[in-house]
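Notes follow the structure.
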Amino acid sequence: MTLPEATPAPPAHDHEFLPTATAARTRAAVRALLRPQRTLAATGFGLLVLSTSVGLATQPLLGQIVDLVTEHRPPSALTAPVVALAVVAVVQGVTIALGMARVSRLGETALARLREQFVERALSLPLDRLERAGSGDLNSRVTRDVSRVAEAVRTALPELARSALSIVLTLVALAVLDWRFLLAALIAMPVQAHTARWYVRNAVPLYARERVATGAQQQQLLDSIGGATTVRALRLEEPHLRRVNERSRTAVDLTMRGVGLVLRFYARLHIAEFIGLAAVLTTGFLLVRSGSASLGTATAAALYFHSLFGPVDTALVLLDDAQSATAALARLVGVVDEPPAKDREVGEPQASDAGVTVRDVSHAYVPGRPVLHDVDLAILPGETVALVGSTGAGKSTLAKLISGLHRPDAGRIEVGGAEPDEYGRSVALVTQEVHVFAGPLADDLRLARPDATDGELLDALAAVGALDWAEALPEGLATVVGDGGHRLTPDRAQQLALTRLWLADPPVAVLDEATAEAGSSGARLLEGAARQVLKGRTAIVVAHRLGQAATADRVVVMREGRIVEQGRHEELLTTGGVYAELWRAWSAQRPHSPEAPEDPDSPASPADPEDPEDSPV
């Protein structure tokens, strides 16, 4: 039995997670997002101020009604304050609707810009940085953190702004009634302020730790589920389950600590409300008894303080959402602030000058554990070179370095006289891990050439042998594929990737086991498509089957990160070296003659389904 080539993913704590921005940097980022929307912010908050100010007339009007009743005025005297109350309600309702709409628009606009910046930077991060962080960390930021910030922007921001204005203006109104009412109300403030400081001091680090723990939990789940085949093959179920349980338990424990923190927070708030209301009522009683205030004025003061319960509770409750959203926002800003892949001048080599030169290249994913050692390789323009070797020989690493996905730790790689870049302008990489983007098939193909016509798309599909099934789709090129659409089989998804390569038309193409995913039932079909796509361009093929190497212009044999042999297929067989041994071992599993490589120009035909899977080399 041949075990899967993948190795078990390292524990989540081995990942170097993406950074989290400091509080000062997060505030600066928020200011930068809001700065272009100053007019919208001014009008929105101005309308909220107007709405709150108008609403503050309600309590004095009610107090006036109390005075009129206690003075036994005729019912007609109540008409004016009652009409005034109706006008206040209408004006307040209109202005608050307009103000909340503008504040919500402000938040949504800023959130949209933040999302754009986040996605733009995430896509431009060096791939080795993303690999060190792990997909779980970035995934939790894209999903949970963005959702938490969006929820806060849509609910917490408008309500928090309205509540803050209500608190400030209500306190001013209490002072207008009588400064002693304001002093009585402020007795509750020390308790509320202490509660808020206590909560912020404990909530910010707690929510930050919860976010990190959630990211680690998701990363461990992705590692264990994504490598389930290898985990089962190596009998590693128990260690992986233990790691998942540990990450999940840590996340749940932090969540429960947050719940306990919120419960203690509410208990302290209720104590502050009781103290404040008792102080205002006592002050009102004393002022009315001494004749310093009317019963209506005392009633208005009590109603003012009681009306603070809602805004204060809302503000402090939303403080919980704000702290959670702030922790999530800091993680998003941390990604936005990450340096992108270094911009460098990249030449645009012509197909006639698309040679590849590898000089003294060494590379290590982990310091002190190199996977390539002083590799030298020169590939002529238009030449097809097959990289072969056992698992761990360094084939894929060399392919990624040539394609520009990583920069070598030492040495230099040139494509057409310039360094390769990781955006595929000079080199295109196709691997066995193919992603089918959700959307119409034509849009998926046009990712490689946005200006391609439908006719050019059909020609490209025909070149890789995919035209028949593409035209047979329910809506042809307009058929939605990927998630939520028509599901493509692995071999068709691989043909789609080769079609994109055909359309992109790069001078150099790198196929890293790009025909291995389909299995033996479609391997020969894909190999024929790959040969067609590679015609006329420089090609590096990481050979999963030695049949691919036999048709290459040159075979490069790697072992333990070094090139140990290179030459034409026939030459290497006669030397009796490493390649000859690999060829004999591989050919022993096949029913046809070991010395008869397939004709590269013969029509591709499906392999015998009874043939054993070609051994990884």
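Letters A, B, ... mark the chains of the structure tokens in the order given; residue numbers begin at 1 per chain; ligand numbers begin at 1, in order shown.
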Legend entry - Residues of region 30-182 of chain A in alpha helix (DSSP H), written as JSON, numbers by chain: {"A": [30, 31, 32, 33, 34, 38, 39, 40, 41, 42, 43, 44, 45, 46, 47, 48, 49, 50, 51, 52, 53, 54, 55, 58, 59, 60, 61, 62, 63, 64, 65, 66, 67, 68, 69, 70, 79, 80, 81, 82, 83, 84, 85, 86, 87, 88, 89, 90, 91, 92, 93, 94, 95, 96, 97, 98, 99, 100, 101, 102, 103, 104, 105, 106, 107, 108, 109, 110, 111, 112, 113, 114, 115, 116, 117, 118, 119, 120, 121, 122, 123, 124, 127, 128, 129, 130, 131, 132, 133, 135, 136, 137, 138, 139, 140, 146, 147, 148, 149, 150, 151, 157, 158, 159, 160, 161, 162, 163, 164, 165, 166, 167, 168, 169, 170, 171, 172, 173, 174, 175, 176, 177, 179, 180, 181, 182]}
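Between CA of Val371 (chain A) and CA of Gly561 (chain A) the interatomic distance comes to 5.2 Å.
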Inset, instruction - Check the DSSP output for the backbone and give back, as a ChimeraX atom specification, the residues of region 272-489 of chain A in strand (DSSP E or B). - result: /A:356-366,369-379,384-388,410-415,418,427-431,439-440,480-481,486
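The smallest atom-to-atom distance between Ile187 (chain A) and any of A:Thr283, A:Gln220, A:Thr250, A:Gln64, using only C-alpha atoms, is found for A:Thr283.
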Legend entry - Shell around Asp145 (chain A) at 10 Å using only C-alpha atoms, local window under 5 positions removed, as a PyMOL selection string: chain A and resi 138-140+150-151+211+324-332
Write a file of the selected residues as an mmCIF file, in the first residue's frame, keeping N, CA, C and O atoms.
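The result, written out as part.cif:
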```cif
data_model
loop_
_atom_site.group_PDB
_atom_site.id
_atom_site.type_symbol
_atom_site.label_atom_id
_atom_site.label_comp_id
_atom_site.auth_asym_id
_atom_site.auth_seq_id
_atom_site.Cartn_x
_atom_site.Cartn_y
_atom_site.Cartn_z
ATOM 1 N N LEU A 138 -6.564 33.209 8.813
ATOM 2 C CA LEU A 138 -7.120 34.133 7.824
ATOM 3 C C LEU A 138 -8.607 33.872 7.624
ATOM 4 O O LEU A 138 -9.401 34.814 7.478
ATOM 5 N N ASN A 139 -9.017 32.608 7.642
ATOM 6 C CA ASN A 139 -10.426 32.275 7.459
ATOM 7 C C ASN A 139 -11.282 32.856 8.583
ATOM 8 O O ASN A 139 -12.375 33.381 8.335
ATOM 9 N N SER A 140 -10.816 32.773 9.831
ATOM 10 C CA SER A 140 -11.593 33.319 10.945
ATOM 11 C C SER A 140 -11.702 34.834 10.847
ATOM 12 O O SER A 140 -12.712 35.421 11.234
ATOM 13 N N ALA A 150 -19.225 44.047 11.029
ATOM 14 C CA ALA A 150 -20.398 44.454 10.256
ATOM 15 C C ALA A 150 -21.626 44.573 11.144
ATOM 16 O O ALA A 150 -22.417 45.517 11.030
ATOM 17 N N GLU A 151 -21.802 43.617 12.055
ATOM 18 C CA GLU A 151 -22.940 43.665 12.970
ATOM 19 C C GLU A 151 -22.862 44.896 13.865
ATOM 20 O O GLU A 151 -23.870 45.562 14.120
ATOM 21 N N ARG A 211 -10.573 35.698 20.265
ATOM 22 C CA ARG A 211 -10.429 35.711 18.812
ATOM 23 C C ARG A 211 -9.247 34.824 18.391
ATOM 24 O O ARG A 211 -9.347 34.052 17.441
ATOM 25 N N SER A 324 -15.965 43.735 21.617
ATOM 26 C CA SER A 324 -15.795 42.558 20.771
ATOM 27 C C SER A 324 -15.485 42.967 19.338
ATOM 28 O O SER A 324 -14.597 42.392 18.686
ATOM 29 N N ALA A 325 -16.213 43.993 18.849
ATOM 30 C CA ALA A 325 -15.963 44.466 17.483
ATOM 31 C C ALA A 325 -14.598 45.120 17.370
ATOM 32 O O ALA A 325 -13.929 45.010 16.336
ATOM 33 N N THR A 326 -14.169 45.802 18.424
ATOM 34 C CA THR A 326 -12.848 46.434 18.394
ATOM 35 C C THR A 326 -11.747 45.388 18.302
ATOM 36 O O THR A 326 -10.766 45.559 17.560
ATOM 37 N N ALA A 327 -11.924 44.295 19.062
ATOM 38 C CA ALA A 327 -10.939 43.208 18.975
ATOM 39 C C ALA A 327 -10.918 42.620 17.564
ATOM 40 O O ALA A 327 -9.847 42.336 17.010
ATOM 41 N N ALA A 328 -12.108 42.444 16.968
ATOM 42 C CA ALA A 328 -12.168 41.924 15.595
ATOM 43 C C ALA A 328 -11.578 42.924 14.612
ATOM 44 O O ALA A 328 -10.858 42.552 13.678
ATOM 45 N N LEU A 329 -11.872 44.221 14.824
ATOM 46 C CA LEU A 329 -11.352 45.255 13.935
ATOM 47 C C LEU A 329 -9.829 45.310 13.994
ATOM 48 O O LEU A 329 -9.158 45.489 12.968
ATOM 49 N N ALA A 330 -9.281 45.143 15.192
ATOM 50 C CA ALA A 330 -7.826 45.163 15.331
ATOM 51 C C ALA A 330 -7.183 44.024 14.547
ATOM 52 O O ALA A 330 -6.095 44.171 13.979
ATOM 53 N N ARG A 331 -7.858 42.882 14.469
ATOM 54 C CA ARG A 331 -7.316 41.760 13.696
ATOM 55 C C ARG A 331 -7.390 42.050 12.201
ATOM 56 O O ARG A 331 -6.512 41.649 11.445
ATOM 57 N N LEU A 332 -8.439 42.745 11.761
ATOM 58 C CA LEU A 332 -8.532 43.111 10.344
ATOM 59 C C LEU A 332 -7.484 44.152 9.983
ATOM 60 O O LEU A 332 -6.819 44.048 8.947
#
```
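Comparing A:Trp179, A:Phe118, A:Phe437, A:Phe45 by their smallest distance to Ala301 (chain A), the closest is A:Trp179 (using only C-alpha atoms).
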Inset, instruction - Have a look at A:Glu338, A:Leu281, A:Thr39, A:His373 and name the one nearest to Leu303 (chain A); count only C-alpha atoms. - result: A:Leu281
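Residues in contact with Thr214 (chain A) at 10 Å, where only C-alpha atoms are counted and same-chain residues fewer than 5 positions away are skipped, are listed as Gly136, Asp137, Ser140, Arg141, Arg144, Ala208, Arg209, Gln219, Gln220, Arg247, Ser248, Thr250, Ala251, Val252, Leu254 and Thr255 of chain A.
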Inset, instruction - Skip Pro440 (chain A) itself and residues of its chain fewer than 3 positions away, then list as a PyMOL selection string all residues within 7 Å of it, counting only C-alpha atoms. - result: chain A and resi 443-444+477-481
All residues 12 Å or closer to Ala493 (chain A), only C-alpha atoms, same chain fewer than 2 positions away omitted, as a short mmCIF file (atom, residue, chain, number, x, y, z; two decimals) with N, CA, C and O atoms, in the first residue's frame:
```
data_model
loop_
_atom_site.label_atom_id
_atom_site.label_comp_id
_atom_site.auth_asym_id
_atom_site.auth_seq_id
_atom_site.Cartn_x
_atom_site.Cartn_y
_atom_site.Cartn_z
N VAL A 430 0.50 25.59 -12.56
CA VAL A 430 -0.72 24.79 -12.42
C VAL A 430 -0.38 23.61 -11.54
O VAL A 430 0.57 22.87 -11.82
N THR A 431 -1.14 23.42 -10.47
CA THR A 431 -0.91 22.31 -9.55
C THR A 431 -2.07 21.34 -9.61
O THR A 431 -3.06 21.55 -10.31
N GLN A 432 -1.97 20.27 -8.84
CA GLN A 432 -3.06 19.31 -8.80
C GLN A 432 -4.20 19.79 -7.92
O GLN A 432 -5.29 19.22 -7.92
N GLU A 433 -3.98 20.85 -7.15
CA GLU A 433 -5.02 21.43 -6.30
C GLU A 433 -5.67 22.57 -7.07
O GLU A 433 -5.21 23.71 -7.02
N VAL A 434 -6.73 22.27 -7.78
CA VAL A 434 -7.37 23.23 -8.67
C VAL A 434 -8.63 23.78 -8.02
O VAL A 434 -9.41 23.03 -7.44
N HIS A 435 -8.81 25.10 -8.12
CA HIS A 435 -10.02 25.73 -7.59
C HIS A 435 -10.91 26.16 -8.74
O HIS A 435 -10.45 26.81 -9.68
N VAL A 436 -12.17 25.77 -8.66
CA VAL A 436 -13.16 26.21 -9.63
C VAL A 436 -13.94 27.36 -9.01
O VAL A 436 -14.63 27.19 -8.01
N PHE A 437 -13.82 28.55 -9.57
CA PHE A 437 -14.47 29.73 -9.01
C PHE A 437 -15.96 29.66 -9.29
O PHE A 437 -16.40 29.27 -10.37
N LEU A 441 -19.07 29.68 -16.37
CA LEU A 441 -17.84 29.07 -16.86
C LEU A 441 -16.99 30.08 -17.64
O LEU A 441 -15.77 30.11 -17.50
N ASP A 444 -15.02 32.23 -15.28
CA ASP A 444 -13.90 31.48 -14.71
C ASP A 444 -12.73 31.46 -15.67
O ASP A 444 -11.57 31.65 -15.29
N LEU A 445 -13.00 31.25 -16.96
CA LEU A 445 -11.92 31.20 -17.95
C LEU A 445 -11.32 32.58 -18.19
O LEU A 445 -10.11 32.70 -18.40
N LEU A 461 -10.79 25.72 -25.01
CA LEU A 461 -11.37 24.47 -24.50
C LEU A 461 -11.10 23.31 -25.47
O LEU A 461 -10.81 22.19 -25.05
N VAL A 464 -7.59 21.69 -25.17
CA VAL A 464 -7.32 20.76 -24.07
C VAL A 464 -8.32 19.60 -24.05
O VAL A 464 -8.38 18.86 -23.07
N ALA A 466 -11.62 19.76 -23.96
CA ALA A 466 -12.75 19.98 -23.05
C ALA A 466 -13.97 20.56 -23.75
O ALA A 466 -14.97 20.85 -23.10
N TRP A 469 -17.60 18.42 -23.53
CA TRP A 469 -18.38 18.48 -22.30
C TRP A 469 -18.79 19.91 -21.95
O TRP A 469 -19.84 20.13 -21.32
N ALA A 470 -17.98 20.90 -22.35
CA ALA A 470 -18.34 22.29 -22.08
C ALA A 470 -19.58 22.68 -22.86
O ALA A 470 -20.49 23.36 -22.34
N VAL A 481 -20.74 27.29 -12.58
CA VAL A 481 -19.95 26.16 -12.07
C VAL A 481 -19.45 26.52 -10.68
O VAL A 481 -19.59 27.63 -10.21
N GLY A 482 -18.82 25.54 -10.03
CA GLY A 482 -18.30 25.79 -8.69
C GLY A 482 -19.37 25.65 -7.63
O GLY A 482 -20.44 25.07 -7.86
N HIS A 486 -23.01 23.97 -11.19
CA HIS A 486 -22.70 22.66 -11.76
C HIS A 486 -21.34 22.20 -11.24
O HIS A 486 -20.33 22.89 -11.38
N ARG A 487 -21.32 21.03 -10.64
CA ARG A 487 -20.08 20.51 -10.06
C ARG A 487 -19.26 19.81 -11.14
O ARG A 487 -19.77 18.93 -11.85
N LEU A 488 -18.00 20.19 -11.26
CA LEU A 488 -17.11 19.58 -12.23
C LEU A 488 -16.34 18.44 -11.59
O LEU A 488 -15.91 18.53 -10.44
N THR A 489 -16.14 17.37 -12.35
CA THR A 489 -15.33 16.26 -11.87
C THR A 489 -13.87 16.71 -11.77
O THR A 489 -13.48 17.71 -12.38
N PRO A 490 -13.02 15.99 -11.02
CA PRO A 490 -11.63 16.41 -10.88
C PRO A 490 -10.89 16.56 -12.21
O PRO A 490 -10.11 17.50 -12.38
N ASP A 491 -11.13 15.63 -13.16
CA ASP A 491 -10.41 15.74 -14.43
C ASP A 491 -10.89 16.95 -15.23
O ASP A 491 -10.10 17.62 -15.90
N GLN A 495 -8.79 20.18 -16.48
CA GLN A 495 -8.84 20.71 -17.85
C GLN A 495 -9.14 22.21 -17.84
O GLN A 495 -8.61 22.97 -18.66
N LEU A 496 -9.97 22.63 -16.92
CA LEU A 496 -10.29 24.05 -16.79
C LEU A 496 -9.04 24.85 -16.45
O LEU A 496 -8.79 25.93 -17.00
N ALA A 497 -8.21 24.31 -15.54
CA ALA A 497 -6.97 24.99 -15.20
C ALA A 497 -6.02 25.05 -16.39
O ALA A 497 -5.35 26.08 -16.62
N LEU A 498 -5.94 23.97 -17.15
CA LEU A 498 -5.08 23.98 -18.34
C LEU A 498 -5.61 24.94 -19.40
O LEU A 498 -4.84 25.56 -20.14
N THR A 499 -6.94 25.08 -19.46
CA THR A 499 -7.52 26.06 -20.40
C THR A 499 -7.13 27.47 -20.01
O THR A 499 -6.81 28.31 -20.87
N ARG A 500 -7.16 27.76 -18.72
CA ARG A 500 -6.73 29.09 -18.26
C ARG A 500 -5.27 29.33 -18.60
O ARG A 500 -4.86 30.44 -18.94
N ALA A 514 0.24 18.41 -12.18
CA ALA A 514 -1.04 18.97 -12.61
C ALA A 514 -1.95 17.95 -13.25
O ALA A 514 -3.13 18.23 -13.46
N THR A 515 -1.47 16.77 -13.58
CA THR A 515 -2.33 15.73 -14.15
C THR A 515 -2.50 14.56 -13.20
O THR A 515 -2.97 13.50 -13.59
N GLU A 517 -4.28 14.56 -10.23
CA GLU A 517 -5.48 14.55 -9.41
C GLU A 517 -6.57 13.63 -9.95
O GLU A 517 -7.35 13.06 -9.23
N ALA A 518 -6.65 13.53 -11.28
CA ALA A 518 -7.76 12.79 -11.87
C ALA A 518 -7.67 11.29 -11.63
O ALA A 518 -8.64 10.58 -11.74
N GLY A 522 -8.41 9.18 -15.94
CA GLY A 522 -8.34 10.34 -16.83
C GLY A 522 -6.95 10.88 -17.00
O GLY A 522 -6.77 11.95 -17.59
N LEU A 526 -5.52 13.92 -19.62
CA LEU A 526 -4.95 15.17 -19.11
C LEU A 526 -3.51 15.34 -19.58
O LEU A 526 -3.07 16.46 -19.86
#
```
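With distances restricted to only C-alpha atoms, A:Val280 is the closest residue to Arg180 (chain A) from A:Val541, A:Leu47, A:Val280, A:Ala21.
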